[in-house]
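Colleague: Please find input_10.tsv (TSV, C-alpha atoms and all ligand atoms) on the next line:
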chain	number	residue	atom	x	y	z
K	1	MET	CA	0.00	0.00	0.00
K	2	GLU	CA	0.96	3.60	-0.45
K	3	ILE	CA	1.61	5.55	2.75
K	4	ILE	CA	0.24	9.06	2.31
K	5	ILE	CA	1.39	11.68	4.76
K	6	SER	CA	-0.98	14.52	5.65
K	7	ASP	CA	-0.56	17.93	4.04
K	8	ARG	CA	-0.02	19.40	7.48
K	9	VAL	CA	2.97	17.17	8.12
K	10	ASN	CA	4.32	17.56	4.59
K	11	ALA	CA	4.23	21.32	4.96
K	12	ILE	CA	6.45	21.50	8.03
K	13	GLY	CA	10.17	22.00	7.70
K	14	ARG	CA	12.79	20.14	9.63
K	15	TYR	CA	13.09	20.81	13.35
K	16	ALA	CA	16.16	23.08	13.67
K	17	PHE	CA	17.67	21.08	16.52
K	18	ALA	CA	17.58	17.90	14.49
K	19	ASP	CA	20.10	19.58	12.16
K	20	VAL	CA	22.33	20.49	15.10
K	21	ASP	CA	22.20	16.89	16.30
K	22	ASN	CA	23.34	15.66	12.88
K	23	ILE	CA	26.47	17.83	12.91
K	24	VAL	CA	27.31	16.65	16.42
K	25	MET	CA	26.92	13.04	15.29
K	26	GLU	CA	29.32	13.62	12.38
K	27	LEU	CA	31.99	14.98	14.74
K	28	LYS	CA	31.49	12.09	17.13
K	29	LYS	CA	31.99	9.64	14.28
K	30	GLU	CA	35.41	11.25	13.80
K	31	GLY	CA	36.17	10.63	17.48
K	32	ILE	CA	35.72	14.28	18.52
K	33	GLU	CA	33.53	14.98	21.56
K	34	PRO	CA	32.15	18.47	20.95
K	35	ILE	CA	31.15	20.84	23.76
K	36	ASP	CA	27.47	21.27	23.20
K	37	PHE	CA	25.82	24.68	23.63
K	38	GLY	CA	23.15	23.76	21.07
K	39	VAL	CA	19.90	22.71	22.70
K	40	GLY	CA	18.65	24.39	25.89
K	41	ASP	CA	18.72	21.21	27.94
K	42	PRO	CA	20.66	21.51	31.22
K	43	ALA	CA	23.34	18.82	31.62
K	44	LEU	CA	23.43	19.12	35.43
K	45	PRO	CA	21.34	16.86	37.70
K	46	THR	CA	17.86	17.79	38.90
K	47	PRO	CA	18.33	18.93	42.55
K	48	ASP	CA	18.23	16.18	45.23
K	49	LEU	CA	15.17	17.51	47.03
K	50	ILE	CA	13.14	17.27	43.83
K	51	ARG	CA	14.35	13.77	42.95
K	52	ASN	CA	13.64	12.62	46.51
K	53	ALA	CA	10.11	14.05	46.45
K	54	CYS	CA	9.52	12.16	43.21
K	55	LYS	CA	10.81	8.89	44.70
K	56	GLU	CA	8.60	9.34	47.78
K	57	GLY	CA	5.66	10.17	45.51
K	58	ILE	CA	6.08	6.90	43.63
K	59	GLU	CA	5.90	4.94	46.90
K	60	LYS	CA	3.11	7.03	48.40
K	61	ARG	CA	1.01	6.58	45.29
K	62	LYS	CA	1.52	2.87	44.72
K	63	SER	CA	-1.85	2.46	43.08
K	64	SER	CA	-2.98	5.93	42.18
K	65	GLY	CA	-4.19	5.19	38.64
K	66	TYR	CA	-4.49	7.87	35.97
K	67	PRO	CA	-3.60	11.38	37.14
K	68	SER	CA	-6.02	14.29	37.06
K	69	TYR	CA	-6.25	15.96	33.64
K	70	ILE	CA	-5.86	19.40	35.17
K	71	GLY	CA	-3.49	18.60	38.06
K	72	ASP	CA	-4.13	17.63	41.69
K	73	ALA	CA	-5.76	20.26	43.89
K	74	GLU	CA	-2.57	20.27	46.00
K	75	PHE	CA	-0.43	21.11	42.96
K	76	ARG	CA	-2.76	23.86	41.76
K	77	LYS	CA	-2.88	25.38	45.27
K	78	LYS	CA	0.91	25.38	45.38
K	79	VAL	CA	1.06	27.13	42.00
K	80	ALA	CA	-1.39	29.76	43.30
K	81	TRP	CA	0.71	30.23	46.45
K	82	TRP	CA	3.94	30.54	44.45
K	83	SER	CA	2.39	32.92	41.89
K	84	ARG	CA	1.26	35.24	44.66
K	85	LYS	CA	4.65	35.08	46.38
K	86	ARG	CA	6.71	35.56	43.21
K	87	PHE	CA	4.56	37.89	41.11
K	88	GLY	CA	1.89	39.24	43.46
K	89	ILE	CA	-0.84	37.59	41.35
K	90	ASP	CA	-4.09	36.20	42.81
K	91	LEU	CA	-5.15	33.03	41.02
K	92	ASN	CA	-8.06	30.75	41.85
K	93	PRO	CA	-6.66	27.17	41.84
K	94	GLU	CA	-10.07	25.79	40.85
K	95	SER	CA	-10.77	27.91	37.81
K	96	GLU	CA	-7.62	29.77	36.80
K	97	ILE	CA	-4.85	27.14	36.90
K	98	MET	CA	-4.31	23.79	35.17
K	99	SER	CA	-1.26	21.56	35.03
K	100	THR	CA	0.51	20.86	31.74
K	101	ILE	CA	3.00	18.23	30.61
K	102	GLY	CA	5.71	20.88	30.40
K	103	SER	CA	4.93	23.96	28.40
K	104	LYS	CA	5.76	22.50	24.98
K	105	GLU	CA	2.72	20.26	24.62
K	106	ALA	CA	0.48	22.94	26.13
K	107	ILE	CA	1.72	25.60	23.72
K	108	PHE	CA	1.34	23.25	20.76
K	109	ASN	CA	-2.16	22.10	21.71
K	110	PHE	CA	-3.54	25.42	22.94
K	111	PRO	CA	-4.51	26.83	19.50
K	112	GLU	CA	-6.92	23.88	19.01
K	113	THR	CA	-9.11	25.69	21.52
K	114	PHE	CA	-9.44	28.98	19.66
K	115	ILE	CA	-8.20	28.70	16.07
K	116	ASN	CA	-10.56	27.88	13.22
K	117	PRO	CA	-9.18	27.18	9.73
K	118	GLY	CA	-7.98	30.47	8.26
K	119	ASP	CA	-7.68	32.28	11.60
K	120	TYR	CA	-4.39	33.93	12.39
K	121	THR	CA	-1.93	33.70	15.23
K	122	LEU	CA	0.82	36.26	15.79
K	123	ALA	CA	4.18	34.88	16.90
K	124	LEU	CA	7.68	36.19	17.47
K	125	ASN	CA	10.47	35.61	14.93
K	126	PRO	CA	12.96	34.19	15.89
K	127	GLY	CA	11.03	32.03	18.26
K	128	TYR	CA	10.09	28.71	19.74
K	129	PRO	CA	8.66	26.51	16.95
K	130	ALA	CA	5.62	25.27	18.93
K	131	TRP	CA	4.02	28.75	18.83
K	132	SER	CA	3.41	28.53	15.10
K	133	ARG	CA	3.37	24.73	14.69
K	134	GLY	CA	0.36	24.43	17.00
K	135	THR	CA	-1.56	26.92	14.89
K	136	HIS	CA	-0.49	25.13	11.70
K	137	PHE	CA	-1.86	21.81	13.01
K	138	ALA	CA	-5.09	23.61	14.00
K	139	GLU	CA	-5.24	24.74	10.33
K	140	GLY	CA	-4.66	28.37	11.12
K	141	LYS	CA	-2.00	30.71	9.80
K	142	THR	CA	0.81	32.44	11.63
K	143	TYR	CA	1.91	36.00	10.94
K	144	LEU	CA	5.47	36.36	12.20
K	145	LEU	CA	6.72	39.47	13.97
K	146	ASN	CA	10.41	40.18	13.55
K	147	LEU	CA	12.46	40.82	16.69
K	148	LEU	CA	15.18	43.31	15.88
K	149	PRO	CA	17.98	44.72	18.04
K	150	GLU	CA	16.99	48.30	17.15
K	151	ASN	CA	13.57	47.66	18.78
K	152	ASN	CA	15.12	45.94	21.82
K	153	TYR	CA	13.73	42.70	20.38
K	154	LEU	CA	10.13	43.79	21.03
K	155	PRO	CA	7.74	43.33	18.08
K	156	ASP	CA	6.22	46.32	16.29
K	157	LEU	CA	2.49	45.67	16.68
K	158	LYS	CA	1.65	48.75	14.63
K	159	SER	CA	3.32	47.22	11.57
K	160	ILE	CA	0.73	44.42	11.29
K	161	PRO	CA	-1.62	45.04	8.33
K	162	SER	CA	-5.20	45.72	9.45
K	163	ASP	CA	-6.63	42.95	7.23
K	164	VAL	CA	-4.41	40.50	9.16
K	165	VAL	CA	-5.27	42.00	12.57
K	166	ARG	CA	-8.97	41.41	11.85
K	167	LYS	CA	-8.34	37.67	11.52
K	168	VAL	CA	-6.02	37.28	14.54
K	169	LYS	CA	-7.25	35.23	17.51
K	170	LEU	CA	-4.03	34.74	19.41
K	171	LEU	CA	-0.80	36.63	20.10
K	172	TRP	CA	2.19	34.70	21.48
K	173	ILE	CA	4.75	36.68	23.40
K	174	ASN	CA	7.77	35.37	25.32
K	175	TYR	CA	9.83	37.40	27.75
K	176	PRO	CA	12.51	36.80	28.94
K	177	ASN	CA	12.95	35.77	25.35
K	178	ASN	CA	14.42	32.69	23.77
K	179	PRO	CA	16.65	33.17	21.81
K	180	THR	CA	17.36	36.91	21.97
K	181	THR	CA	17.51	36.97	25.82
K	182	ALA	CA	15.53	40.26	25.77
K	183	PHE	CA	13.28	41.27	28.66
K	184	SER	CA	9.93	42.99	28.29
K	185	THR	CA	9.14	46.34	29.83
K	186	GLN	CA	5.92	47.14	31.68
K	187	LEU	CA	5.20	49.66	28.93
K	188	PHE	CA	5.40	46.99	26.24
K	189	TYR	CA	3.12	44.68	28.21
K	190	GLU	CA	0.63	47.53	28.54
K	191	GLU	CA	0.79	48.07	24.78
K	192	VAL	CA	0.20	44.34	24.20
K	193	LEU	CA	-2.78	44.29	26.57
K	194	GLU	CA	-4.31	47.35	24.89
K	195	PHE	CA	-3.79	45.74	21.46
K	196	GLY	CA	-5.47	42.53	22.68
K	197	GLU	CA	-8.39	44.41	24.20
K	198	GLN	CA	-9.01	46.56	21.12
K	199	ASN	CA	-8.82	43.70	18.66
K	200	ASN	CA	-10.32	40.86	20.71
K	201	ILE	CA	-7.08	38.90	20.64
K	202	ILE	CA	-6.08	36.45	23.38
K	203	ILE	CA	-2.65	37.21	24.78
K	204	ALA	CA	-0.70	33.99	25.35
K	205	SER	CA	2.49	34.69	27.26
K	206	ASP	CA	5.14	31.97	27.28
K	207	GLU	CA	6.91	32.71	30.57
K	208	SER	CA	9.18	29.65	30.61
K	209	TYR	CA	12.22	31.78	31.54
K	210	THR	CA	10.92	34.21	34.19
K	211	GLU	CA	13.06	32.50	36.87
K	212	ASN	CA	16.25	32.58	34.81
K	213	TYR	CA	17.43	36.12	35.53
K	214	TYR	CA	20.70	37.51	36.85
K	215	ASP	CA	19.67	40.71	38.62
K	216	GLU	CA	16.13	42.11	38.24
K	217	PRO	CA	13.31	39.53	38.48
K	218	PRO	CA	11.10	39.95	35.42
K	219	LEU	CA	7.41	40.73	35.64
K	220	SER	CA	4.58	38.37	34.68
K	221	ILE	CA	2.04	39.92	32.32
K	222	LEU	CA	-0.68	38.48	34.60
K	223	ARG	CA	0.36	41.03	37.23
K	224	LEU	CA	-1.08	43.72	34.95
K	225	LYS	CA	-4.24	42.01	33.72
K	226	LYS	CA	-5.99	38.65	33.79
K	227	ASN	CA	-8.85	39.35	31.40
K	228	GLY	CA	-8.04	37.84	27.99
K	229	VAL	CA	-4.61	36.64	29.14
K	230	VAL	CA	-3.11	33.18	29.62
K	231	VAL	CA	0.40	32.42	30.81
K	232	PHE	CA	2.37	29.22	30.22
K	233	GLN	CA	4.88	28.40	32.94
K	234	SER	CA	7.30	25.53	33.30
K	235	LEU	CA	9.68	24.09	35.86
K	236	SER	CA	12.03	22.81	33.15
K	237	LYS	CA	14.48	25.70	33.24
K	238	ARG	CA	13.74	27.04	36.75
K	239	SER	CA	14.56	23.75	38.44
K	240	ASN	CA	16.50	21.66	35.87
K	241	MET	CA	13.39	19.54	35.35
K	242	THR	CA	13.29	19.19	31.57
K	243	CYS	CA	12.97	15.42	31.94
K	244	TYR	CA	10.00	15.63	34.32
K	245	ARG	CA	7.54	17.36	31.94
K	246	VAL	CA	5.58	19.58	34.24
K	247	GLY	CA	4.28	23.12	34.00
K	248	TRP	CA	0.98	24.95	34.09
K	249	ALA	CA	-1.33	27.32	32.25
K	250	ALA	CA	-2.91	30.13	34.27
K	251	GLY	CA	-5.07	33.15	33.63
K	252	ASP	CA	-8.57	34.16	32.53
K	253	SER	CA	-10.96	31.43	33.73
K	254	ARG	CA	-12.87	31.51	30.42
K	255	ILE	CA	-9.68	30.64	28.54
K	256	ILE	CA	-8.63	27.97	31.07
K	257	ASN	CA	-12.11	26.44	31.05
K	258	ALA	CA	-12.17	26.20	27.29
K	259	TYR	CA	-8.70	24.64	27.22
K	260	LYS	CA	-9.81	22.11	29.85
K	261	LYS	CA	-12.21	20.77	27.22
K	262	VAL	CA	-9.35	20.10	24.79
K	263	LYS	CA	-6.64	18.53	26.95
K	264	PRO	CA	-8.48	15.39	28.12
K	265	ASN	CA	-8.85	14.46	24.46
K	266	ILE	CA	-5.10	14.59	23.96
K	267	ASP	CA	-3.35	13.40	27.11
K	268	SER	CA	-4.01	11.97	30.55
K	269	GLY	CA	-2.32	14.60	32.67
K	270	THR	CA	1.01	14.92	34.46
K	271	ALA	CA	1.97	11.85	36.52
K	272	THR	CA	0.99	12.52	40.13
K	273	PHE	CA	4.46	11.71	41.53
K	274	ILE	CA	5.87	14.29	39.11
K	275	GLN	CA	3.42	16.80	40.58
K	276	ASP	CA	4.80	15.82	44.03
K	277	ALA	CA	8.27	16.67	42.73
K	278	ALA	CA	6.96	19.95	41.31
K	279	ILE	CA	5.43	20.91	44.66
K	280	ALA	CA	8.78	20.31	46.36
K	281	ALA	CA	10.49	22.39	43.65
K	282	LEU	CA	8.07	25.29	44.11
K	283	ASP	CA	8.55	25.18	47.88
K	284	ASP	CA	12.26	25.81	47.54
K	285	GLU	CA	14.02	28.87	46.11
K	286	LYS	CA	17.53	27.98	47.29
K	287	HIS	CA	18.21	25.60	44.41
K	288	VAL	CA	16.91	28.23	41.98
K	289	GLU	CA	19.33	30.81	43.38
K	290	LYS	CA	22.17	28.27	43.13
K	291	LEU	CA	21.32	27.54	39.49
K	292	ARG	CA	21.18	31.29	38.81
K	293	ASP	CA	24.67	31.69	40.30
K	294	ASP	CA	25.97	28.79	38.19
K	295	TYR	CA	24.55	30.31	35.01
K	296	ARG	CA	26.03	33.69	35.88
K	297	ILE	CA	29.53	32.18	36.20
K	298	LYS	CA	29.17	30.42	32.85
K	299	ARG	CA	27.75	33.54	31.21
K	300	ASP	CA	30.70	35.63	32.36
K	301	ILE	CA	33.24	33.06	31.12
K	302	ILE	CA	31.71	32.88	27.64
K	303	VAL	CA	31.09	36.63	27.30
K	304	ASP	CA	34.72	37.19	28.29
K	305	ALA	CA	35.93	34.68	25.66
K	306	PHE	CA	33.97	36.29	22.83
K	307	THR	CA	34.97	39.82	23.75
K	308	ALA	CA	38.62	38.67	24.00
K	309	VAL	CA	38.53	37.76	20.30
K	310	GLY	CA	36.97	41.10	19.39
K	311	LEU	CA	33.27	40.26	19.26
K	312	PRO	CA	30.66	42.63	20.72
K	313	ASN	CA	29.72	42.17	24.37
K	314	CYS	CA	26.29	40.46	24.31
K	315	GLU	CA	25.92	39.90	28.05
K	316	PRO	CA	22.34	38.77	28.73
K	317	LYS	CA	20.20	39.86	31.72
K	318	GLY	CA	18.57	36.46	31.88
K	319	THR	CA	17.39	33.21	30.21
K	320	ILE	CA	19.94	30.41	29.89
K	321	TYR	CA	21.25	31.67	26.56
K	322	ILE	CA	23.71	34.06	24.99
K	323	TRP	CA	22.62	35.72	21.73
K	324	GLN	CA	26.02	36.48	20.33
K	325	ARG	CA	26.61	38.77	17.36
K	326	VAL	CA	28.91	37.17	14.81
K	327	PRO	CA	31.98	38.93	13.36
K	328	LYS	CA	31.65	41.18	10.31
K	329	GLY	CA	31.85	39.18	7.10
K	330	TYR	CA	30.44	36.03	8.70
K	331	SER	CA	26.91	34.68	8.43
K	332	SER	CA	25.34	32.91	11.42
K	333	LEU	CA	26.04	29.59	9.77
K	334	ASP	CA	29.66	30.55	8.90
K	335	MET	CA	30.28	31.35	12.56
K	336	ALA	CA	28.59	28.21	13.86
K	337	LYS	CA	30.70	26.16	11.42
K	338	LYS	CA	33.87	28.00	12.43
K	339	LEU	CA	33.18	27.06	16.04
K	340	LEU	CA	32.59	23.47	14.96
K	341	GLU	CA	36.04	23.14	13.36
K	342	LYS	CA	38.01	20.35	14.99
K	343	ASP	CA	40.30	22.56	17.11
K	344	THR	CA	37.35	24.31	18.72
K	345	ALA	CA	34.50	21.74	18.45
K	346	VAL	CA	31.93	23.97	20.14
K	347	VAL	CA	28.29	23.45	19.14
K	348	THR	CA	26.11	26.55	18.87
K	349	THR	CA	22.88	27.22	16.97
K	350	PRO	CA	22.98	29.61	14.02
K	351	GLY	CA	20.42	32.36	14.70
K	352	SER	CA	19.20	32.07	11.12
K	353	TRP	CA	18.00	28.52	11.89
K	354	LEU	CA	15.83	29.80	14.71
K	355	SER	CA	13.99	32.30	12.56
K	356	GLN	CA	12.39	32.63	9.18
K	357	GLU	CA	12.77	35.20	6.46
K	358	VAL	CA	9.92	37.70	6.75
K	359	GLN	CA	9.64	40.75	4.48
K	360	GLY	CA	13.15	40.12	3.17
K	361	ILE	CA	14.69	39.94	6.64
K	362	ASN	CA	15.85	36.92	8.59
K	363	PRO	CA	16.15	38.57	12.00
K	364	GLY	CA	18.26	35.73	13.41
K	365	GLU	CA	20.92	36.24	10.75
K	366	GLY	CA	24.09	37.73	12.22
K	367	PHE	CA	23.73	35.90	15.53
K	368	ILE	CA	24.50	32.54	17.09
K	369	ARG	CA	22.78	31.20	20.18
K	370	LEU	CA	24.61	29.46	22.98
K	371	ALA	CA	22.67	27.56	25.65
K	372	LEU	CA	24.77	27.72	28.83
K	373	VAL	CA	24.04	24.09	29.64
K	374	PRO	CA	27.37	22.21	29.66
K	375	ALA	CA	29.08	21.62	33.02
K	376	LEU	CA	31.38	24.41	34.26
K	377	GLU	CA	34.63	22.58	33.39
K	378	LYS	CA	33.45	22.16	29.81
K	379	VAL	CA	32.42	25.81	29.63
K	380	LYS	CA	35.93	26.80	30.76
K	381	GLU	CA	37.47	24.51	28.16
K	382	ALA	CA	35.20	25.95	25.45
K	383	ALA	CA	36.21	29.49	26.46
K	384	LYS	CA	39.89	28.55	26.16
K	385	ARG	CA	39.30	27.22	22.65
K	386	ILE	CA	37.20	30.26	21.64
K	387	LYS	CA	40.02	32.55	22.76
K	388	ASN	CA	42.31	30.76	20.27
K	389	LEU	CA	40.00	31.47	17.34
K	390	LYS	CA	41.44	33.40	14.42
K	391	LEU	CA	38.53	35.39	13.03
W	1	LIG	C1	10.44	29.67	24.77
W	1	LIG	C2	10.20	28.26	25.19
W	1	LIG	N1	8.96	27.90	25.46
W	1	LIG	C3	8.68	26.63	25.83
W	1	LIG	C4	9.67	25.68	25.94
W	1	LIG	C5	9.30	24.28	26.33
W	1	LIG	O1	9.77	23.93	27.57
W	1	LIG	P1	9.14	22.74	28.40
W	1	LIG	O2	8.21	22.00	27.51
W	1	LIG	O3	10.30	21.92	28.81
W	1	LIG	O4	8.42	23.37	29.53
W	1	LIG	C6	10.99	26.02	25.65
W	1	LIG	C7	12.05	25.02	25.73
W	1	LIG	O5	13.18	25.21	25.47
W	1	LIG	C8	11.26	27.36	25.27
W	1	LIG	O6	12.49	27.76	24.98
Can the structure in the file be given as structure tokens, please?
Modeller:
Amino acid sequence: MEIIISDRVNAIGRYAFADVDNIVMELKKEGIEPIDFGVGDPALPTPDLIRNACKEGIEKRKSSGYPSYIGDAEFRKKVAWWSRKRFGIDLNPESEIMSTIGSKEAIFNFPETFINPGDYTLALNPGYPAWSRGTHFAEGKTYLLNLLPENNYLPDLKSIPSDVVRKVKLLWINYPNNPTTAFSTQLFYEEVLEFGEQNNIIIASDESYTENYYDEPPLSILRLKKNGVVVFQSLSKRSNMTCYRVGWAAGDSRIINAYKKVKPNIDSGTATFIQDAAIAALDDEKHVEKLRDDYRIKRDIIVDAFTAVGLPNCEPKGTIYIWQRVPKGYSSLDMAKKLLEKDTAVVTTPGSWLSQEVQGINPGEGFIRLALVPALEKVKEAAKRIKNLKL
């Protein structure tokens, strides 16, 4: 028989990180172990207190059956408690919070709730693929908003044509931003909220990196308004819990209620012992501060290495990334390949792979992204090799 793949699947490009993985595999075949700053997946262990809570949860819940689709009441109460403590937000655990299997699946599936074929979503470019892929699978269209250094990597909402705005149901924002590391301002959030209100557009804020900051803790958009707003949070980067798959969606109860209708059709919720681990993680800020300190040390080492070879200082205020400008005369890919040469063997992601060409501009071009995830010794070794680069 002939196997016919759906148009939706045929239309999607390759996942950028799959390409990075292929290059790494080629180097490994040659016996070279590259230092990998490619994917934002922390190499360090999940803190003990979280692993222990998970182990205890497994025992405590010997025969707990399927988990709740929306998260245990205990988990949702803890999220409400933490949100008030961290952001000063009041959330009702019954109607304004639901658990997610990490933010990726939630972001991908969310548009099913609101997008009809032909509707539009607005998403940032460069950006996390799930923002637009979810809309694509819901048979909607995505209008990409370029993030440019001259605008502090904030999108220009006024540039969106009015015939597009009329069809938009959803706007994805993400600050602190992957990959540009930019932070939002309160003023920008106010502009976004006004834009949403005027045009009847749901504001979906991917806040996966709010806990990864070096100095000033960033704001949650929910602090300013709940009406028409939903936030996606995750413990992956806050607590080195990428493997656990746990996060939550929170905000306007009408949005959360509608999404609650979708999720049970797709998955069966976050394992309850993982929620136990998440509760322990939310109860503790010490490990988060420790991780912050570790990232700061790595950030300083890498920023120092790049500036030592004459590249601009791109010191980030937060996230787990560095969005490094490449030298004049190099493309993003040239620079990533230069760093992959055998003597350096450092894996980065070309910025141009993380974004698409829109209106003749690929806003990721001219940058590489480094995820500060390798262990400190490897980061030091990478810095030594970077300092030997002849650019
Ligand atoms: C901007 C952004 N959103 C969402 C995610 C998904 O994270 P998770 O599914 O682990 O919560 C990532 C992961 O790297 C990300 O960078």
Colleague: Quote the spacing between CA of Ser234 (chain K) and CA of Gln198 (chain K) in Å to one decimal place.
Modeller: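 So the answer is 29.3 Å.
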Colleague: Determine, counting all atoms listed in the file, every residue of protein, DNA or RNA that lies within 10 Å of (3.7, 43.1, 38.6) in the file coordinates, then give the result as a list in words.
Modeller: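 Output of the proximity query reads Arg86, Phe87, Gly88, Ile89, Gln186, Pro218, Leu219, Ser220, Ile221, Leu222, Arg223, Leu224 and Lys225 of chain K.
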Colleague: Would you list the residues that come within 8 Å of ligand LIG 1 (chain W)? Count all atoms listed in the file and give the answer as a PyMOL selection string.
Modeller: chain K and resi 39-41+101-107+127-128+130+174+177-179+206-209+233-237+241-243+245-247
Colleague: Pick out the closest residue to Thr307 (chain K) from this set: K:Ile70, K:Val9, K:Leu372, K:Val326. Count only C-alpha atoms.
Modeller: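 Ranked by minimum distance to Thr307 (chain K), first place goes to K:Val326.
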Colleague: Report as a list in words all protein, DNA and RNA residues lying within 10 Å of Pro264 (chain K), evaluated on all atoms listed in the file, omitting residues in the same chain fewer than 5 positions from it.
Modeller: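 My reading of the contact set: Ser68, Tyr69, Ile70, Tyr259 and Gly269 of chain K.
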Colleague: Within 12 Å of region 299-306 of chain K, counting all atoms listed in the file, which residues show up once you throw out same-chain ones fewer than 6 positions away? Write them as a ChimeraX atom specification, please.
Modeller: /K:37,213-214,292-293,312-327,335,339,346,368-374,376-391
Colleague: Nearest to Tyr66 (chain K): which of K:Asn199, K:Thr344, K:Asn362, K:Ser268 is it, counting only C-alpha atoms?
Modeller: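 Nearest candidate to Tyr66 (chain K) out of K:Asn199, K:Thr344, K:Asn362, K:Ser268: K:Ser268.
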Colleague: Could you name the residues that touch Glu96 (chain K) at 6 Å or less, counting all atoms listed in the file, but leaving out those on the same chain fewer than 4 positions away, as a ChimeraX atom specification?
Modeller: /K:91-92,250-251,253
Colleague: Save the residues we just selected, C-alpha atoms, as a PDB file, in the frame of the given file?
Modeller:
ATOM      1  CA  LEU K  91      -5.150  33.030  41.020  1.00  0.00           C
ATOM      2  CA  ASN K  92      -8.060  30.750  41.850  1.00  0.00           C
ATOM      3  CA  ALA K 250      -2.910  30.130  34.270  1.00  0.00           C
ATOM      4  CA  GLY K 251      -5.070  33.150  33.630  1.00  0.00           C
ATOM      5  CA  SER K 253     -10.960  31.430  33.730  1.00  0.00           C
TER       6      SER K 253
END
Colleague: Skipping near chain neighbours, those fewer than 4 positions away, what residues fall within 8 Å of Glu33 (chain K) using only C-alpha atoms, listed as a list in words?
Modeller: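 Everything that qualifies: Leu27, Lys28 and Ala345 of chain K.
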Colleague: Could you state the separation of CA of Thr272 (chain K) and CA of Phe75 (chain K) in Å, given to one decimal place?
Modeller: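 CA of Phe75 (chain K) lies 9.2 Å from CA of Thr272 (chain K).
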Colleague: Neighbours of Ser205 (chain K) within 7 Å (only C-alpha atoms; same-chain residues fewer than 5 positions away dropped), as a PyMOL selection string?
Modeller: chain K and resi 172-174+230-232
Colleague: Which residue is closest to Arg296 (chain K)? Choose from K:Thr142, K:Thr46, K:Thr185, K:Asn212 and count all atoms listed in the file.
Modeller: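 Using all atoms listed in the file, Arg296 (chain K) sits closest to K:Asn212.
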Colleague: For CA of Pro126 (chain K) and CA of Pro176 (chain K), determine how far apart the two atoms are, in Å to one decimal place.
Modeller: 13.3 Å
Colleague: Taking into account all atoms listed in the file, which residue in the set K:Tyr153, K:Lys226, K:Pro47, K:Ile23 is nearest to Ile255 (chain K)?
Modeller: K:Lys226
Colleague: With all atoms listed in the file as the atoms that count, which of K:Ala123, K:Ile97, K:Val165, K:Leu154 lies nearest to Phe183 (chain K)?
Modeller: K:Leu154
Colleague: Which one is closest to Gly57 (chain K): K:Asn152, K:Asn109, K:Thr181, K:Gln275? Count all atoms listed in the file.
Modeller: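 The closest residue to Gly57 (chain K) is K:Gln275.
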Colleague: Save region 72-96 of chain K to disk from that block, C-alpha atoms included, as an mmCIF file, in the first residue's frame.
Modeller:
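Once written, out.cif looks like this:
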data_model
loop_
_atom_site.group_PDB
_atom_site.id
_atom_site.type_symbol
_atom_site.label_atom_id
_atom_site.label_comp_id
_atom_site.auth_asym_id
_atom_site.auth_seq_id
_atom_site.Cartn_x
_atom_site.Cartn_y
_atom_site.Cartn_z
ATOM 1 C CA ASP K 72 -4.128 17.631 41.687
ATOM 2 C CA ALA K 73 -5.760 20.261 43.888
ATOM 3 C CA GLU K 74 -2.572 20.271 46.001
ATOM 4 C CA PHE K 75 -0.431 21.106 42.957
ATOM 5 C CA ARG K 76 -2.761 23.859 41.764
ATOM 6 C CA LYS K 77 -2.877 25.375 45.270
ATOM 7 C CA LYS K 78 0.910 25.383 45.379
ATOM 8 C CA VAL K 79 1.058 27.130 41.998
ATOM 9 C CA ALA K 80 -1.394 29.763 43.303
ATOM 10 C CA TRP K 81 0.712 30.233 46.448
ATOM 11 C CA TRP K 82 3.935 30.543 44.447
ATOM 12 C CA SER K 83 2.392 32.923 41.888
ATOM 13 C CA ARG K 84 1.257 35.239 44.656
ATOM 14 C CA LYS K 85 4.651 35.083 46.377
ATOM 15 C CA ARG K 86 6.715 35.559 43.212
ATOM 16 C CA PHE K 87 4.565 37.888 41.111
ATOM 17 C CA GLY K 88 1.886 39.237 43.456
ATOM 18 C CA ILE K 89 -0.844 37.591 41.353
ATOM 19 C CA ASP K 90 -4.090 36.203 42.807
ATOM 20 C CA LEU K 91 -5.152 33.026 41.022
ATOM 21 C CA ASN K 92 -8.056 30.745 41.853
ATOM 22 C CA PRO K 93 -6.658 27.175 41.835
ATOM 23 C CA GLU K 94 -10.068 25.787 40.846
ATOM 24 C CA SER K 95 -10.775 27.910 37.807
ATOM 25 C CA GLU K 96 -7.622 29.767 36.802
#
